[in-house]
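> You'll find model04.tsv just under this line, and it carries TSV, C-alpha atoms.
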```
chain	number	residue	atom	x	y	z
A	335	MET	CA	0.00	0.00	0.00
A	336	PRO	CA	1.49	3.29	-1.03
A	337	GLY	CA	2.28	5.69	1.78
A	338	LYS	CA	1.29	9.29	2.14
A	339	PRO	CA	2.28	11.38	-0.89
A	340	TYR	CA	5.35	13.51	-0.41
A	341	GLN	CA	4.61	16.99	0.88
A	342	SER	CA	7.24	19.53	1.68
A	343	ILE	CA	7.61	20.55	5.30
A	344	LEU	CA	7.98	24.09	4.00
A	345	ILE	CA	4.36	24.37	2.86
A	346	PRO	CA	3.14	26.07	6.07
A	347	TYR	CA	5.89	28.66	5.67
A	348	GLU	CA	5.40	29.24	1.94
A	349	GLU	CA	4.11	32.81	2.19
A	350	GLU	CA	6.82	33.77	4.61
A	351	ILE	CA	9.57	32.37	2.41
A	352	LEU	CA	8.18	33.94	-0.76
A	353	SER	CA	7.85	37.34	0.88
A	354	LEU	CA	11.49	37.14	1.99
A	355	ARG	CA	12.48	36.32	-1.58
A	356	ARG	CA	10.30	39.06	-3.01
A	357	GLN	CA	11.97	41.85	-1.04
A	358	ARG	CA	14.81	43.72	-2.74
A	359	PRO	CA	17.50	42.55	-2.45
A	360	PRO	CA	16.07	39.08	-1.87
A	361	MET	CA	17.19	37.28	1.25
A	362	ALA	CA	19.72	34.51	0.60
A	363	PHE	CA	18.43	30.94	0.83
A	364	ALA	CA	21.03	30.15	3.49
A	365	ARG	CA	19.78	33.02	5.62
A	366	ILE	CA	16.18	31.88	5.18
A	367	ALA	CA	17.23	28.40	6.34
A	368	GLU	CA	18.78	29.92	9.44
A	369	LEU	CA	15.67	31.99	10.11
A	370	LEU	CA	13.38	28.96	9.79
A	371	MET	CA	15.54	27.08	12.25
A	372	GLU	CA	15.59	29.96	14.73
A	373	LYS	CA	11.93	30.88	14.43
A	374	HIS	CA	10.14	27.61	13.76
A	375	GLN	CA	12.80	25.01	14.56
A	376	VAL	CA	12.56	23.61	11.05
A	377	PRO	CA	15.80	21.86	10.10
A	378	ILE	CA	16.22	22.47	6.37
A	379	GLN	CA	19.04	22.93	3.91
A	380	ARG	CA	19.28	25.97	1.71
A	381	ALA	CA	19.12	23.86	-1.50
A	382	ALA	CA	15.75	22.50	-0.42
A	383	ILE	CA	14.35	25.99	-0.02
A	384	CYS	CA	15.77	26.93	-3.42
A	385	LYS	CA	14.01	23.96	-5.04
A	386	PHE	CA	10.80	24.74	-3.18
A	387	VAL	CA	10.76	28.35	-4.39
A	388	LYS	CA	11.77	27.55	-7.97
A	389	LEU	CA	9.17	24.83	-8.32
A	390	ARG	CA	6.41	27.14	-7.14
A	391	ALA	CA	7.57	29.89	-9.48
A	392	ARG	CA	7.35	27.39	-12.34
A	393	TRP	CA	3.84	26.31	-11.30
A	394	LYS	CA	2.73	29.91	-11.09
A	395	LYS	CA	4.12	30.70	-14.54
A	396	LYS	CA	2.36	27.68	-16.01
A	397	GLU	CA	-0.88	28.65	-14.35
A	398	THR	CA	-0.67	32.22	-15.70
A	399	GLN	CA	-0.02	30.93	-19.21
A	400	GLN	CA	-2.97	28.58	-19.01
A	401	ASN	CA	-5.25	31.32	-17.73
A	402	ARG	CA	-4.16	33.61	-20.53
A	403	ALA	CA	-4.79	30.93	-23.15
A	404	THR	CA	-8.22	30.17	-21.69
A	405	SER	CA	-9.32	33.81	-21.64
A	406	LYS	CA	-8.04	34.29	-25.20
A	407	THR	CA	-9.91	31.31	-26.59
A	408	TRP	CA	-12.98	32.26	-24.60
A	409	ASN	CA	-12.97	35.73	-26.18
A	410	THR	CA	-12.58	34.26	-29.63
A	411	ALA	CA	-15.37	31.78	-29.05
A	412	GLN	CA	-17.63	34.49	-27.75
A	413	SER	CA	-17.35	36.56	-30.90
A	414	HIS	CA	-18.00	33.51	-33.06
A	415	GLY	CA	-20.71	31.98	-30.92
A	416	SER	CA	-18.95	28.63	-30.88
A	417	GLN	CA	-17.37	26.38	-28.28
A	418	PRO	CA	-14.00	27.54	-26.89
A	419	GLN	CA	-11.15	26.34	-29.03
A	420	SER	CA	-8.40	24.76	-26.96
A	421	ALA	CA	-5.08	26.52	-26.76
A	422	LEU	CA	-3.45	23.39	-28.15
A	423	THR	CA	-5.67	23.32	-31.25
A	424	ARG	CA	-4.97	27.00	-31.85
A	425	GLN	CA	-1.27	26.43	-31.57
A	426	LYS	CA	-1.46	23.62	-34.09
A	427	THR	CA	-3.51	25.45	-36.67
A	428	GLY	CA	-1.69	28.74	-36.07
A	429	ALA	CA	-4.65	30.59	-37.49
A	430	VAL	CA	-5.98	33.75	-35.92
A	431	PRO	CA	-9.77	33.87	-36.37
A	432	LEU	CA	-11.37	36.81	-38.09
A	433	ASN	CA	-14.15	38.90	-36.65
A	434	SER	CA	-17.21	40.17	-38.48
A	435	ALA	CA	-15.31	43.19	-39.84
A	436	GLY	CA	-12.81	40.85	-41.47
A	437	THR	CA	-9.92	41.93	-39.27
A	438	GLU	CA	-7.99	39.64	-37.00
A	439	ASN	CA	-9.17	39.08	-33.47
A	440	ARG	CA	-6.32	39.88	-31.15
A	441	GLN	CA	-6.00	40.74	-27.53
A	442	PRO	CA	-5.98	44.52	-27.18
A	443	TRP	CA	-3.20	46.05	-25.14
A	444	LEU	CA	-4.90	48.00	-22.41
A	445	GLY	CA	-1.93	48.66	-20.18
A	446	TRP	CA	-1.98	52.36	-20.92
A	447	GLN	CA	-5.36	52.67	-19.25
A	448	ASN	CA	-3.83	51.78	-15.90
A	449	GLU	CA	-1.53	54.75	-16.08
A	450	LYS	CA	-4.01	57.30	-17.38
A	451	PRO	CA	-4.86	60.23	-15.17
A	452	ALA	CA	-8.45	60.36	-13.95
A	453	SER	CA	-9.29	63.24	-16.23
A	454	ARG	CA	-8.21	61.44	-19.39
A	455	GLU	CA	-10.89	60.27	-21.76
A	456	LYS	CA	-10.58	57.87	-24.60
A	457	MET	CA	-10.95	60.03	-27.67
A	458	LEU	CA	-10.29	57.63	-30.53
A	459	THR	CA	-13.49	55.66	-30.42
A	460	THR	CA	-12.74	52.99	-33.00
A	461	PHE	CA	-9.09	52.49	-32.14
A	462	THR	CA	-8.00	49.87	-29.65
A	463	PRO	CA	-4.43	50.23	-28.41
A	464	SER	CA	-2.63	47.04	-29.22
A	465	ASN	CA	0.73	45.49	-29.90
A	466	GLU	CA	-0.67	44.16	-33.15
A	467	TYR	CA	-1.85	45.85	-36.30
A	468	ASN	CA	-5.58	46.39	-35.93
A	469	LEU	CA	-6.38	49.31	-38.22
A	470	THR	CA	-9.29	49.14	-40.63
A	471	ARG	CA	-8.24	49.90	-44.17
A	472	LEU	CA	-10.67	51.77	-46.38
A	473	THR	CA	-10.90	52.38	-50.10
A	474	PRO	CA	-10.06	55.94	-51.22
A	475	GLU	CA	-13.78	56.68	-51.63
A	476	GLU	CA	-14.66	55.31	-48.21
A	477	ALA	CA	-11.76	57.22	-46.67
A	478	ALA	CA	-12.89	60.48	-48.25
A	479	ALA	CA	-16.47	59.90	-47.11
A	480	TYR	CA	-15.36	59.05	-43.57
A	481	ALA	CA	-13.11	62.11	-43.38
A	482	GLU	CA	-16.05	64.23	-44.51
A	483	GLN	CA	-18.31	62.63	-41.93
A	484	LEU	CA	-15.77	63.33	-39.15
A	485	LYS	CA	-15.46	66.90	-40.34
A	486	ARG	CA	-19.23	67.37	-40.21
A	487	GLU	CA	-19.37	65.85	-36.72
A	488	ARG	CA	-16.63	68.15	-35.53
A	489	GLU	CA	-18.40	71.20	-36.93
A	490	LYS	CA	-21.63	70.05	-35.36
A	491	ASN	CA	-19.92	69.70	-31.97
A	492	GLY	CA	-18.40	73.14	-32.36
A	493	GLY	CA	-14.83	71.78	-32.63
B	1233	MET	CA	9.07	82.11	-19.44
B	1234	SER	CA	6.83	79.45	-20.92
B	1235	CYS	CA	8.46	76.32	-22.25
B	1236	THR	CA	7.54	74.05	-25.12
B	1237	LEU	CA	8.67	70.45	-24.84
B	1238	PHE	CA	8.82	68.66	-28.15
B	1239	PHE	CA	9.12	64.90	-27.79
B	1240	THR	CA	9.25	62.08	-30.30
B	1241	ALA	CA	6.67	59.32	-30.01
B	1242	GLY	CA	6.10	55.83	-31.37
B	1243	ALA	CA	7.40	52.38	-30.64
B	1244	LYS	CA	8.50	51.59	-34.19
B	1245	GLY	CA	12.20	51.90	-34.77
B	1246	GLY	CA	13.55	53.43	-37.97
B	1247	SER	CA	10.46	55.46	-38.72
B	1248	GLY	CA	12.36	58.75	-38.64
B	1249	LYS	CA	11.66	60.06	-35.16
B	1250	THR	CA	15.21	61.21	-34.56
B	1251	THR	CA	15.41	62.60	-38.09
B	1252	ALA	CA	12.33	64.68	-37.34
B	1253	ALA	CA	13.89	65.88	-34.10
B	1254	LYS	CA	17.13	66.72	-35.92
B	1255	PHE	CA	15.37	68.93	-38.45
B	1256	LEU	CA	13.42	70.66	-35.72
B	1257	ILE	CA	16.60	71.32	-33.73
B	1258	THR	CA	18.51	72.76	-36.66
B	1259	TYR	CA	15.44	74.79	-37.62
B	1260	LEU	CA	15.18	76.30	-34.15
B	1261	ARG	CA	18.90	76.96	-33.99
B	1262	GLU	CA	18.90	78.68	-37.35
B	1263	HIS	CA	16.16	80.91	-36.00
B	1264	GLY	CA	18.27	82.02	-33.09
B	1265	GLU	CA	16.81	79.71	-30.49
B	1266	LEU	CA	18.91	77.57	-28.18
B	1267	PRO	CA	16.75	74.53	-27.48
B	1268	LEU	CA	17.78	72.17	-24.74
B	1269	LEU	CA	18.35	68.75	-26.23
B	1270	MET	CA	17.53	65.59	-24.32
B	1271	ASP	CA	18.52	62.19	-25.60
B	1272	LEU	CA	16.34	59.65	-23.85
B	1273	ASP	CA	17.26	56.85	-26.22
B	1274	ASP	CA	19.54	55.02	-23.84
B	1275	GLU	CA	20.18	52.23	-26.35
B	1276	ASN	CA	21.29	54.09	-29.45
B	1277	HIS	CA	21.94	57.66	-28.32
B	1278	THR	CA	21.37	58.73	-31.90
B	1279	LEU	CA	20.64	62.34	-31.06
B	1280	ALA	CA	23.75	62.64	-28.90
B	1281	ARG	CA	25.84	61.34	-31.78
B	1282	PHE	CA	24.76	64.27	-33.92
B	1283	PHE	CA	24.53	66.90	-31.20
B	1284	LEU	CA	27.29	66.60	-28.65
B	1285	ASP	CA	25.58	69.03	-26.30
B	1286	ALA	CA	22.53	66.78	-25.94
B	1287	LEU	CA	21.77	65.79	-22.38
B	1288	GLN	CA	21.84	62.00	-22.14
B	1289	ILE	CA	19.20	60.67	-19.79
B	1290	LYS	CA	18.78	57.02	-18.97
B	1291	LEU	CA	15.09	56.30	-19.21
B	1292	HIS	CA	14.87	53.72	-16.47
B	1293	GLN	CA	17.11	55.45	-14.05
B	1294	GLU	CA	15.41	56.56	-10.88
B	1295	PHE	CA	14.27	60.18	-11.01
B	1296	ALA	CA	14.74	60.41	-14.81
B	1297	GLN	CA	11.32	62.09	-15.02
B	1298	ASP	CA	12.43	64.61	-12.43
B	1299	VAL	CA	15.24	65.78	-14.68
B	1300	VAL	CA	12.84	66.34	-17.56
B	1301	ILE	CA	10.33	68.19	-15.39
B	1302	GLU	CA	12.93	70.31	-13.62
B	1303	LYS	CA	14.44	71.42	-16.90
B	1304	ALA	CA	11.01	72.24	-18.30
B	1305	LEU	CA	10.04	74.25	-15.23
B	1306	SER	CA	13.40	75.96	-14.80
B	1307	GLY	CA	12.47	78.68	-17.27
B	1308	GLU	CA	15.94	78.63	-18.76
B	1309	HIS	CA	14.86	77.23	-22.08
B	1310	ARG	CA	12.01	78.29	-24.30
B	1311	PHE	CA	12.24	75.05	-26.25
B	1312	ILE	CA	13.23	71.53	-25.23
B	1313	VAL	CA	13.55	68.74	-27.75
B	1314	ALA	CA	13.47	65.25	-26.24
B	1315	ASP	CA	14.21	62.23	-28.36
B	1316	LEU	CA	12.66	59.12	-26.88
B	1317	LYS	CA	13.69	55.64	-27.88
B	1318	ALA	CA	11.57	53.25	-29.87
B	1319	GLY	CA	12.07	49.77	-28.50
B	1320	THR	CA	9.59	46.98	-28.20
B	1321	GLY	CA	6.53	47.04	-26.03
B	1322	HIS	CA	5.13	50.08	-24.38
B	1323	ASP	CA	7.63	50.72	-21.63
B	1324	VAL	CA	8.55	54.14	-22.99
B	1325	LEU	CA	4.90	55.16	-23.27
B	1326	LYS	CA	4.22	53.96	-19.74
B	1327	TRP	CA	7.22	55.93	-18.58
B	1328	PHE	CA	6.03	59.03	-20.36
B	1329	LEU	CA	2.51	58.74	-19.00
B	1330	THR	CA	3.82	59.21	-15.47
B	1331	LEU	CA	4.54	62.87	-16.27
B	1332	PRO	CA	2.01	65.20	-14.60
B	1333	PHE	CA	0.49	66.67	-17.76
B	1334	GLU	CA	-2.10	68.91	-16.15
B	1335	GLU	CA	0.29	70.39	-13.61
B	1336	LEU	CA	2.89	71.06	-16.28
B	1337	LYS	CA	0.27	72.77	-18.40
B	1338	ASP	CA	-0.76	74.95	-15.48
B	1339	ARG	CA	2.85	76.01	-15.05
B	1340	GLY	CA	3.19	77.04	-18.67
B	1341	VAL	CA	4.82	73.94	-20.10
B	1342	ARG	CA	3.40	72.96	-23.44
B	1343	LEU	CA	3.91	69.47	-24.81
B	1344	VAL	CA	4.16	68.81	-28.51
B	1345	CYS	CA	4.29	65.25	-29.75
B	1346	LEU	CA	6.42	64.60	-32.84
B	1347	GLY	CA	5.16	61.52	-34.62
B	1348	SER	CA	6.75	59.98	-37.65
B	1349	VAL	CA	4.91	57.70	-39.99
B	1350	THR	CA	6.20	55.77	-42.96
B	1351	SER	CA	4.58	53.33	-45.35
B	1352	ALA	CA	5.24	50.62	-42.74
B	1353	PRO	CA	1.89	49.82	-41.05
B	1354	ASP	CA	3.56	49.38	-37.65
B	1355	SER	CA	4.69	52.97	-37.62
B	1356	VAL	CA	1.07	54.15	-37.75
B	1357	GLN	CA	-0.21	51.56	-35.30
B	1358	SER	CA	2.47	52.30	-32.73
B	1359	PHE	CA	1.97	56.03	-33.05
B	1360	LEU	CA	-1.79	55.69	-32.58
B	1361	ASN	CA	-1.11	53.77	-29.37
B	1362	TRP	CA	0.62	56.89	-28.13
B	1363	ALA	CA	-2.11	59.19	-29.40
B	1364	ALA	CA	-4.82	57.11	-27.72
B	1365	ALA	CA	-3.01	57.45	-24.43
B	1366	LEU	CA	-1.93	61.08	-24.70
B	1367	ALA	CA	-5.20	62.31	-26.19
B	1368	HIS	CA	-5.72	66.07	-25.85
B	1369	HIS	CA	-2.92	66.59	-23.38
B	1370	VAL	CA	-0.46	67.37	-26.16
B	1371	ASP	CA	-0.36	68.93	-29.61
B	1372	TYR	CA	0.67	66.78	-32.53
B	1373	VAL	CA	3.07	67.32	-35.40
B	1374	ILE	CA	3.28	64.39	-37.76
B	1375	PHE	CA	6.24	63.88	-40.05
B	1376	ARG	CA	5.17	62.04	-43.16
B	1377	ASN	CA	8.39	60.22	-43.91
B	1378	LEU	CA	8.46	59.08	-47.53
B	1379	LYS	CA	11.75	57.22	-47.27
B	1380	ASP	CA	10.11	53.86	-47.99
B	1381	GLY	CA	7.56	55.04	-50.52
B	1382	ASP	CA	5.13	57.83	-51.29
B	1383	ASN	CA	2.01	55.95	-50.30
B	1384	LEU	CA	1.24	56.20	-46.60
B	1385	TYR	CA	-1.81	54.03	-46.95
B	1386	ASP	CA	-2.24	53.29	-43.27
B	1387	TYR	CA	-2.05	56.92	-42.28
B	1388	ASP	CA	-4.21	58.25	-45.10
B	1389	GLN	CA	-6.77	55.54	-45.56
B	1390	THR	CA	-7.51	53.75	-42.33
B	1391	ARG	CA	-10.51	54.52	-40.21
B	1392	GLN	CA	-8.50	54.96	-37.02
B	1393	ALA	CA	-5.87	57.25	-38.52
B	1394	LEU	CA	-8.58	59.42	-40.09
B	1395	GLU	CA	-10.27	59.56	-36.72
B	1396	PHE	CA	-7.01	60.69	-35.14
B	1397	ARG	CA	-6.61	63.38	-37.77
B	1398	GLY	CA	-10.20	64.50	-37.42
B	1399	THR	CA	-10.05	64.60	-33.63
B	1400	TYR	CA	-6.69	66.21	-32.99
B	1401	ASP	CA	-6.13	68.15	-36.21
B	1402	PRO	CA	-2.37	67.54	-36.26
B	1403	ASP	CA	0.14	69.55	-38.26
B	1404	HIS	CA	2.05	67.77	-40.99
B	1405	VAL	CA	5.55	67.96	-42.36
B	1406	THR	CA	6.50	65.83	-45.32
B	1407	LEU	CA	10.01	64.42	-45.37
B	1408	GLU	CA	10.70	63.66	-49.01
B	1409	LYS	CA	12.98	60.79	-49.84
B	1410	LEU	CA	16.61	61.83	-49.70
B	1411	SER	CA	19.10	59.98	-51.85
B	1412	PRO	CA	20.33	56.97	-49.85
B	1413	LEU	CA	23.86	57.93	-50.84
B	1414	TYR	CA	23.60	61.28	-49.08
B	1415	GLN	CA	21.61	59.82	-46.22
B	1416	THR	CA	24.25	57.18	-45.53
B	1417	GLU	CA	27.07	59.66	-45.81
B	1418	LEU	CA	25.38	62.03	-43.36
B	1419	GLU	CA	24.86	59.15	-40.93
B	1420	ILE	CA	28.41	57.88	-41.19
B	1421	ARG	CA	29.94	61.30	-40.74
B	1422	LYS	CA	27.40	62.23	-38.03
B	1423	LEU	CA	26.54	65.42	-39.83
B	1424	THR	CA	23.33	67.34	-40.16
B	1425	ILE	CA	22.51	69.07	-43.44
B	1426	THR	CA	22.99	72.42	-41.71
B	1427	GLU	CA	26.53	71.44	-40.77
B	1428	VAL	CA	27.31	70.36	-44.31
B	1429	LEU	CA	26.03	73.64	-45.66
B	1430	GLY	CA	27.85	75.58	-42.96
B	1431	LEU	CA	31.23	74.01	-43.54
B	1432	THR	CA	32.31	76.22	-46.39
B	1433	ASP	CA	35.91	76.46	-45.39
B	1434	ARG	CA	37.57	74.50	-48.17
B	1435	THR	CA	40.65	73.53	-46.20
B	1436	SER	CA	39.08	71.84	-43.19
B	1437	GLY	CA	35.46	71.65	-44.31
B	1438	GLU	CA	35.78	69.32	-47.27
B	1439	GLU	CA	37.80	66.87	-45.27
B	1440	ARG	CA	35.02	66.53	-42.75
B	1441	ILE	CA	32.22	66.50	-45.31
B	1442	GLY	CA	33.92	64.02	-47.61
B	1443	PRO	CA	33.91	63.69	-51.38
B	1444	ILE	CA	30.25	62.73	-51.73
B	1445	LEU	CA	28.75	65.71	-49.93
B	1446	SER	CA	31.35	68.25	-51.02
B	1447	PRO	CA	30.38	68.89	-54.65
B	1448	LEU	CA	28.44	72.05	-55.31
B	1449	LEU	CA	25.49	70.15	-56.75
B	1450	ALA	CA	25.27	67.86	-53.73
B	1451	ARG	CA	25.13	70.86	-51.43
B	1452	ALA	CA	22.54	72.51	-53.64
B	1453	ARG	CA	20.36	69.41	-53.44
B	1454	LEU	CA	20.71	69.24	-49.69
B	1455	ARG	CA	19.94	72.94	-49.38
B	1456	ASN	CA	16.76	72.56	-51.43
B	1457	TYR	CA	15.76	69.50	-49.45
B	1458	GLN	CA	16.21	71.29	-46.15
B	1459	ARG	CA	14.52	74.45	-47.38
B	1460	GLY	CA	11.43	72.44	-48.27
B	1461	ILE	CA	11.24	71.08	-44.74
B	1462	TYR	CA	11.92	74.45	-43.11
B	1463	GLU	CA	9.12	76.07	-45.12
B	1464	GLN	CA	6.73	73.48	-43.75
B	1465	LEU	CA	8.11	73.97	-40.24
B	1466	ASN	CA	7.48	77.71	-40.60
B	1467	GLN	CA	3.80	76.98	-41.09
B	1468	VAL	CA	3.77	74.50	-38.22
B	1469	MET	CA	5.31	77.06	-35.87
B	1470	GLU	CA	2.84	79.71	-36.98
B	1471	ARG	CA	-0.02	77.38	-36.22
B	1472	LEU	CA	1.39	76.13	-32.93
B	1473	PHE	CA	2.29	79.53	-31.59
B	1474	HIS	CA	-0.29	81.74	-33.24
B	1475	ALA	CA	-1.45	82.86	-29.80
B	1476	GLU	CA	2.07	83.59	-28.62
B	1477	LEU	CA	3.05	86.42	-30.86
B	1478	ASN	CA	6.49	86.88	-29.32
B	1479	VAL	CA	7.51	83.36	-30.32
B	1480	VAL	CA	6.24	83.70	-33.87
B	1481	ASP	CA	7.78	87.13	-34.27
B	1482	SER	CA	11.06	85.90	-32.93
B	1483	LEU	CA	11.13	82.94	-35.29
B	1484	ARG	CA	9.90	84.97	-38.24
B	1485	GLY	CA	12.22	87.91	-37.50
B	1486	THR	CA	15.33	85.78	-37.50
B	1487	ALA	CA	14.17	83.93	-40.59
B	1488	HIS	CA	13.95	87.11	-42.61
B	1489	GLY	CA	16.86	88.79	-40.89
```
As structure tokens, please, write out the structure in this file.

Amino acid sequence: MPGKPYQSILIPYEEEILSLRRQRPPMAFARIAELLMEKHQVPIQRAAICKFVKLRARWKKKETQQNRATSKTWNTAQSHGSQPQSALTRQKTGAVPLNSAGTENRQPWLGWQNEKPASREKMLTTFTPSNEYNLTRLTPEEAAAYAEQLKREREKNGG
Amino acid sequence: MSCTLFFTAGAKGGSGKTTAAKFLITYLREHGELPLLMDLDDENHTLARFFLDALQIKLHQEFAQDVVIEKALSGEHRFIVADLKAGTGHDVLKWFLTLPFEELKDRGVRLVCLGSVTSAPDSVQSFLNWAAALAHHVDYVIFRNLKDGDNLYDYDQTRQALEFRGTYDPDHVTLEKLSPLYQTELEIRKLTITEVLGLTDRTSGEERIGPILSPLLARARLRNYQRGIYEQLNQVMERLFHAELNVVDSLRGTAHG
């Protein structure tokens, strides 16, 4: 009969260890080992703490990647009204689905919004800041008509 | 004294941001102004290579913003030209957005964004990212850089670019294509067109300019090229500073003087 699965004795102290590593400069693993011994009487070697921290960092990275892939496919599926396409399938096909306007569906970059002052408004209504090309090309006639329309709107608004 | 801070914007490298800044600097200098130059491109330091007096600021150094703000508020300089780096991602934009726009405006600092667009779609996209974030906090001067072709399709015929133009009514300066031979020679010798035209001393001048830029016809071509840009910059300055008569008069007076 198999015994109890292996669990690190450091689990109860995970938050404490990670916070010590997060501070700048991070505390050395050897020093953390000493602290654990002094504070909690946990006999542990520095290499074990190193492995413990690195493994959790890897898990966290994996989890973030999975979450990102899930939200991306969910967004795509939403606009198409279909079931979410798995990240793996998307990787294999390599195709980026198109939306109704015929442009590629990509994740908009919205980082700038976090830094905007409270008074700032989004003025470009059809433009989504992004790392990818997401502009809508028009024919010369359409462009002229749209420019005229914008001009009329501006005059109407007293701009 | 009020201060105008011109800064280059856009994440696309090689679109002509520094070239635009260079023309603006030589234009201002030829009109008797002494703009403070800031090179915030801590990777290439392109501006500092051409202008040795440019202040080199490392973008990610602590208190880098403080230097920019202090200089703008010091009242020592009527014009500041800051050349920001391109680079990937939006780190430069994020850095720039930490500047207190409203407070600077209240203290008489005006911000003018120098964009540069080419026929490369990325140049327009990356510039619009900046415009979407900066919105009405700055004025815009767009350099239409024709180095890769005359058709700037993405700036002239996309819905979003038209919207930008309709909303912010930017000024435009067209940078015609300069012969790659001259362009390369200017880059290699770290010379601006103004310097080439100014080095008339045949003994030391020609040595520095080199055989390609020395001939009379080459200089004439460069002079015409630069004149075309300066004429457009005259109009831009008139529009930007139409309310500040002293600035316009100063620029105009020196131009005709």
> Which residues of chain B are close to chain A, meaning at most 12 Å apart when you count all atoms listed in the file, and how do they look as a PyMOL selection string?
chain B and resi 1242-1244+1320-1335+1352-1370+1384-1401
> May I have the residues from that selection written out with C-alpha atoms, as a CSV table (one decimal), keeping the file's coordinate frame?

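Wrote out-v2.csv, looks like this:
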```csv
chain,number,residue,atom,x,y,z
B,1242,GLY,CA,6.1,55.8,-31.4
B,1243,ALA,CA,7.4,52.4,-30.6
B,1244,LYS,CA,8.5,51.6,-34.2
B,1320,THR,CA,9.6,47.0,-28.2
B,1321,GLY,CA,6.5,47.0,-26.0
B,1322,HIS,CA,5.1,50.1,-24.4
B,1323,ASP,CA,7.6,50.7,-21.6
B,1324,VAL,CA,8.6,54.1,-23.0
B,1325,LEU,CA,4.9,55.2,-23.3
B,1326,LYS,CA,4.2,54.0,-19.7
B,1327,TRP,CA,7.2,55.9,-18.6
B,1328,PHE,CA,6.0,59.0,-20.4
B,1329,LEU,CA,2.5,58.7,-19.0
B,1330,THR,CA,3.8,59.2,-15.5
B,1331,LEU,CA,4.5,62.9,-16.3
B,1332,PRO,CA,2.0,65.2,-14.6
B,1333,PHE,CA,0.5,66.7,-17.8
B,1334,GLU,CA,-2.1,68.9,-16.2
B,1335,GLU,CA,0.3,70.4,-13.6
B,1352,ALA,CA,5.2,50.6,-42.7
B,1353,PRO,CA,1.9,49.8,-41.0
B,1354,ASP,CA,3.6,49.4,-37.6
B,1355,SER,CA,4.7,53.0,-37.6
B,1356,VAL,CA,1.1,54.2,-37.8
B,1357,GLN,CA,-0.2,51.6,-35.3
B,1358,SER,CA,2.5,52.3,-32.7
B,1359,PHE,CA,2.0,56.0,-33.0
B,1360,LEU,CA,-1.8,55.7,-32.6
B,1361,ASN,CA,-1.1,53.8,-29.4
B,1362,TRP,CA,0.6,56.9,-28.1
B,1363,ALA,CA,-2.1,59.2,-29.4
B,1364,ALA,CA,-4.8,57.1,-27.7
B,1365,ALA,CA,-3.0,57.4,-24.4
B,1366,LEU,CA,-1.9,61.1,-24.7
B,1367,ALA,CA,-5.2,62.3,-26.2
B,1368,HIS,CA,-5.7,66.1,-25.8
B,1369,HIS,CA,-2.9,66.6,-23.4
B,1370,VAL,CA,-0.5,67.4,-26.2
B,1384,LEU,CA,1.2,56.2,-46.6
B,1385,TYR,CA,-1.8,54.0,-47.0
B,1386,ASP,CA,-2.2,53.3,-43.3
B,1387,TYR,CA,-2.0,56.9,-42.3
B,1388,ASP,CA,-4.2,58.2,-45.1
B,1389,GLN,CA,-6.8,55.5,-45.6
B,1390,THR,CA,-7.5,53.8,-42.3
B,1391,ARG,CA,-10.5,54.5,-40.2
B,1392,GLN,CA,-8.5,55.0,-37.0
B,1393,ALA,CA,-5.9,57.2,-38.5
B,1394,LEU,CA,-8.6,59.4,-40.1
B,1395,GLU,CA,-10.3,59.6,-36.7
B,1396,PHE,CA,-7.0,60.7,-35.1
B,1397,ARG,CA,-6.6,63.4,-37.8
B,1398,GLY,CA,-10.2,64.5,-37.4
B,1399,THR,CA,-10.0,64.6,-33.6
B,1400,TYR,CA,-6.7,66.2,-33.0
B,1401,ASP,CA,-6.1,68.2,-36.2
```
> Find the residue from B:Ala1304, B:Leu1423, B:Ile1461, B:Leu1472 that sits nearest to Ser1234 of chain B; use only C-alpha atoms when measuring.
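Answer, going by the shortest atom-to-atom distance: B:Ala1304.
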> Give me, as a ChimeraX atom specification, all polymer residues having an atom no more than 10 Å from Val1468 of chain B, counting only C-alpha atoms and skipping those fewer than 3 positions away in the same chain.
/B:1373,1402-1405,1462-1465,1471-1474
> Could you tell me how far atom CA of Arg355 of chain A sits from atom CA of Val387 of chain A, in Å to one decimal place?
8.6 Å
> Write out as a PyMOL selection string each polymer residue whose atoms come within 9 Å of segment 373-376 of chain A, counting all atoms listed in the file; drop sequence neighbours fewer than 4 positions from it.
chain A and resi 343-344+367-369
> Env of Phe363 of chain A: 12 Å cut, atoms = only C-alpha atoms, seq-sep filter 3 positions within chain, self excluded. Answer as a list in words.
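Counting only the stated atoms, we get Ile351, Leu352, Leu354, Arg355, Pro360, Ile366, Ala367, Glu368, Leu369, Leu370, Ile378, Gln379, Arg380, Ala381, Ala382, Ile383, Cys384, Lys385, Phe386, Val387 and Lys388 of chain A.
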> Which residue out of B:Phe1238, B:Arg1281, B:Glu1302, B:Phe1311 has the minimum interatomic distance to Arg1421 of chain B when all atoms listed in the file are used?
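Looking at the shortest contact to Arg1421 of chain B, the residue is B:Arg1281.
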> What gap, in Å, lies between atom CA of Gly1307 of chain B and atom CA of Leu1287 of chain B?
16.7 Å
> Could you give me the axis-aligned bounding box of segment 1401-1413 of chain B, with 6 Å of padding per side, as centre plus edge lengths in Å to one decimal, as JSON?

```
{"center_x": 8.9, "center_y": 63.3, "center_z": -44.0, "size_x": 42.0, "size_y": 24.6, "size_z": 27.6}
```
> Hey, what's within 9 Å of Gly1248 of chain B if we count only C-alpha atoms and toss same-chain stuff fewer than 5 positions away? As a PyMOL selection string, please?
chain B and resi 1253+1347-1350+1375+1377+1379
> Just to confirm, what's the straight-line distance from atom CA of Leu1448 of chain B to atom CA of Ile1425 of chain B in Å (one decimal)?
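Rounded to one decimal, the two atoms are 13.6 Å apart.
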